[in-house]
Amino acid sequence: MSNIFIIAAENSAENYGSQVIDEFKKRNPETNFFGVGGEKFIERGVDLILHNREFAIVGLIEVISSILKLKKYMKLIVNETIKRNADAVLLIDYPDFNLRLAKKFKTLNIPVYYYISPTVWAWRYSRVKQIKKYVDHLFIIFPFEIDIFEKEKIPFTYTGHPLIPSINISEKKEIFRKKLNVKDNELIISLLPGSRKSEVVFLLPEMLKAVKLIKEKFEIKVFIQRANSIEKNLILDFLKKSKSKYVQIIDQKQGYNLINASDIVITTCGTSNLEIAMIGVPFISVYRVNRLSYFLGKRFVKINLYSIVNILAQKKIIPELIQKNFKTKNIVRETLNFLENENLRYNTLNQFKKIKNIIEQDKNPPEIIYNKIHKDLLKLNEKKT
């Protein structure tokens, strides 16, 4: 029986990790997983050392202020991995923490697999040195990453992107709108303020101010998608302060149905951007962090685009309101552009289809990862015996 440590510190990582766990359970049911994750991991029988809500930190300054806590978590993870005699570790995304973990596991001679490569093509290219030194095998999801890791002579497998299989729309748009009591003449604006507390704090108040102004021009219903890692009371406090009685909260488990039923989405810059594009709904990508975090981080950025959708398109096809540009008036302007300009909506959705063609393929990422890790562990066991 294989014993594998897995870490998914963020919601998207947990979605992709869940696919891998399902593949292992299907092909090799005796495989035991333990590590860091959330409710989806718990549902799959993963023995959690830590819940991933403990890792909901964004921005360099915020990370620095949490160093002692993260060091404590790292020590706990390493000790548990030793105690449980892990055969392998699978690290998913979350590079600042996971690359440090990789270094510790490497010194313990535990095979290190890394899924969802750090975005060295966008910023901090120097991380390839850490990957080369501490990661035994890398699983990459974008075709343009192949040249980078071939050039760097880093062992990797191109799996294709795991996103599309994870998008589960269980109810038709019209049916879900009726469940939400949305009238035929009303538009749905959905707000996705992020999966970290700091994101919600920085983004949600401005979003609420914007929809209040949009409500003066259009008949709208507004819904906030609450990530599993965010306490409901945090959002309720902001709604109370803004007196936004017309705004409702939808839990993440209905997130894809909500996006599919929406006329436009205002979302934090992240994996959600690609999800929304694949579902086929216009959106505005926004982001703001601590000013010092932004100033320090910007020095390492190699590209001028922030949303993965724009990066894949190699041009700006959806609005990005980042840092000082993240203002109420700008959110209102860009939202009204989409709601009033049919040509803009049509052209944007066409661009989304092109991006879908880039990442849609007939590969099966969980199967590819299972085959590689299972094959390697069989070889290791043969050597031991």
# chains A, B, ... in the order shown; residues from 1 in each chain; ligands from 1
>>> select_by_dssp(residues="segment 216-374 of chain A", states="alpha helix (DSSP H)", output="PyMOL selection string")
chain A and resi 232-242+255-261+271-279+291-298+308-313+328-340+342-359+365-374
>>> write_last_selection(atoms="C-alpha atoms", output="short mmCIF file (atom, residue, chain, number, x, y, z; two decimals), in the first residue's frame")
data_model
loop_
_atom_site.label_atom_id
_atom_site.label_comp_id
_atom_site.auth_asym_id
_atom_site.auth_seq_id
_atom_site.Cartn_x
_atom_site.Cartn_y
_atom_site.Cartn_z
CA LYS A 232 -19.95 33.73 6.02
CA ASN A 233 -19.97 36.34 8.80
CA LEU A 234 -17.09 38.20 7.14
CA ILE A 235 -19.21 38.78 4.04
CA LEU A 236 -22.33 39.54 6.11
CA ASP A 237 -20.41 42.27 7.95
CA PHE A 238 -19.56 43.98 4.66
CA LEU A 239 -23.15 43.67 3.45
CA LYS A 240 -24.38 45.25 6.68
CA LYS A 241 -21.94 48.16 6.39
CA SER A 242 -22.85 48.80 2.76
CA GLY A 255 -20.44 28.32 -7.94
CA TYR A 256 -20.42 26.92 -11.48
CA ASN A 257 -24.23 27.04 -11.69
CA LEU A 258 -24.13 30.67 -10.55
CA ILE A 259 -21.50 31.68 -13.11
CA ASN A 260 -23.39 29.92 -15.88
CA ALA A 261 -26.57 31.80 -14.96
CA THR A 271 -8.02 30.57 -11.57
CA SER A 272 -11.64 31.76 -11.57
CA ASN A 273 -10.81 33.81 -14.68
CA LEU A 274 -10.20 30.70 -16.75
CA GLU A 275 -13.22 28.92 -15.28
CA ILE A 276 -15.54 31.80 -16.20
CA ALA A 277 -14.07 32.03 -19.71
CA MET A 278 -14.58 28.28 -20.26
CA ILE A 279 -18.20 28.54 -19.12
CA ARG A 291 0.64 48.66 -1.39
CA LEU A 292 4.05 47.53 -0.18
CA SER A 293 3.35 43.95 -1.30
CA TYR A 294 2.44 45.24 -4.76
CA PHE A 295 5.51 47.47 -4.96
CA LEU A 296 7.87 44.67 -3.95
CA GLY A 297 6.20 42.02 -6.11
CA LYS A 298 6.02 44.16 -9.25
CA ILE A 308 -4.42 34.07 -17.28
CA VAL A 309 -7.12 34.57 -19.94
CA ASN A 310 -5.30 37.60 -21.34
CA ILE A 311 -1.95 35.84 -21.02
CA LEU A 312 -3.19 32.88 -23.06
CA ALA A 313 -4.72 35.21 -25.64
CA THR A 328 -15.63 51.98 -8.16
CA LYS A 329 -15.96 54.20 -11.23
CA ASN A 330 -13.77 51.87 -13.30
CA ILE A 331 -15.72 48.78 -12.27
CA VAL A 332 -18.96 50.54 -13.21
CA ARG A 333 -17.56 51.70 -16.56
CA GLU A 334 -16.30 48.26 -17.60
CA THR A 335 -19.47 46.50 -16.41
CA LEU A 336 -21.70 48.88 -18.34
CA ASN A 337 -19.54 48.36 -21.44
CA PHE A 338 -20.38 44.66 -21.37
CA LEU A 339 -24.04 45.16 -20.52
CA GLU A 340 -24.66 47.83 -23.18
CA GLU A 342 -23.55 43.53 -27.75
CA ASN A 343 -20.60 43.54 -30.16
CA LEU A 344 -18.15 43.63 -27.25
CA ARG A 345 -19.88 40.68 -25.59
CA TYR A 346 -19.94 38.72 -28.87
CA ASN A 347 -16.25 39.35 -29.63
CA THR A 348 -15.19 38.53 -26.08
CA LEU A 349 -17.05 35.22 -26.09
CA ASN A 350 -15.45 34.35 -29.43
CA GLN A 351 -12.03 34.96 -27.90
CA PHE A 352 -12.98 32.65 -25.03
CA LYS A 353 -13.72 29.89 -27.57
CA LYS A 354 -10.23 30.29 -29.03
CA ILE A 355 -8.68 29.98 -25.58
CA LYS A 356 -10.76 26.88 -24.91
CA ASN A 357 -9.23 25.35 -28.04
CA ILE A 358 -5.76 26.06 -26.63
CA ILE A 359 -6.30 24.20 -23.36
CA PRO A 365 -4.13 14.69 -16.43
CA PRO A 366 -5.07 12.52 -13.39
CA GLU A 367 -4.37 9.33 -15.37
CA ILE A 368 -0.99 10.67 -16.55
CA ILE A 369 -0.02 11.61 -12.98
CA TYR A 370 -1.17 8.27 -11.60
CA ASN A 371 0.79 6.30 -14.20
CA LYS A 372 4.01 8.22 -13.54
CA ILE A 373 3.90 8.08 -9.73
CA HIS A 374 2.65 4.47 -9.61
#
>>> select_by_dssp(residues="segment 84-167 of chain A", states="strand (DSSP E or B)", output="list in words")
Ala88, Val89, Leu90, Leu91, Ile92, Val112, Tyr113, Tyr114, Tyr115, Trp123, His137, Leu138, Phe139, Ile140, Phe156, Thr157 and Tyr158 of chain A
>>> write_last_selection(atoms="C-alpha atoms", output="JSON list (two decimals), in the first residue's frame")
[["chain", "number", "residue", "atom", "x", "y", "z"],
["A", 88, "ALA", "CA", 6.04, 10.14, -2.14],
["A", 89, "VAL", "CA", 4.80, 13.71, -1.92],
["A", 90, "LEU", "CA", 2.60, 15.55, -4.41],
["A", 91, "LEU", "CA", 2.81, 19.34, -4.14],
["A", 92, "ILE", "CA", 0.17, 21.34, -6.02],
["A", 112, "VAL", "CA", 8.95, 14.95, -4.81],
["A", 113, "TYR", "CA", 6.30, 15.47, -7.51],
["A", 114, "TYR", "CA", 5.03, 18.93, -8.36],
["A", 115, "TYR", "CA", 1.72, 19.55, -10.15],
["A", 123, "TRP", "CA", 7.45, 36.27, -12.79],
["A", 137, "HIS", "CA", 9.30, 15.36, -11.52],
["A", 138, "LEU", "CA", 7.17, 18.27, -12.66],
["A", 139, "PHE", "CA", 3.68, 18.06, -14.18],
["A", 140, "ILE", "CA", 2.96, 21.08, -16.41],
["A", 156, "PHE", "CA", 8.60, 17.00, -16.64],
["A", 157, "THR", "CA", 5.42, 15.62, -18.17],
["A", 158, "TYR", "CA", 2.94, 17.75, -20.05]]
>>> residues_around(residues="Glu219 of chain A", least_positions_apart="6", cutoff="8 Å", atoms="only C-alpha atoms", output="count of residues only")
3
>>> residues_around(residues="Phe223 of chain A", least_positions_apart="3", cutoff="8 Å", atoms="only C-alpha atoms", output="count of residues only")
8
>>> atom_distance(atom1="atom CA of Phe5 of chain A", atom2="atom CA of Lys71 of chain A")
17.9 Å
>>> atom_distance(atom1="atom CA of Glu171 of chain A", atom2="atom CA of Pro193 of chain A")
23.2 Å
>>> atom_distance(atom1="atom CA of Ser2 of chain A", atom2="atom CA of Leu378 of chain A")
9.6 Å
>>> residues_around(residues="Asp87 of chain A", least_positions_apart="6", cutoff="9 Å", atoms="only C-alpha atoms", output="PyMOL selection string")
chain A and resi 2-5+110-111+377
>>> closest_residue(among="A:Ala13, A:Ile82, A:Val182, A:Met207", to="Tyr287 of chain A", atoms="only C-alpha atoms")
A:Met207
>>> closest_residue(among="A:Asn341, A:Gln254, A:Ser12, A:Asn85", to="Asn32 of chain A", atoms="only C-alpha atoms")
A:Asn85
>>> closest_residue(among="A:Tyr16, A:Phe149, A:Phe144, A:Tyr134", to="Pro162 of chain A", atoms="only C-alpha atoms")
A:Tyr16
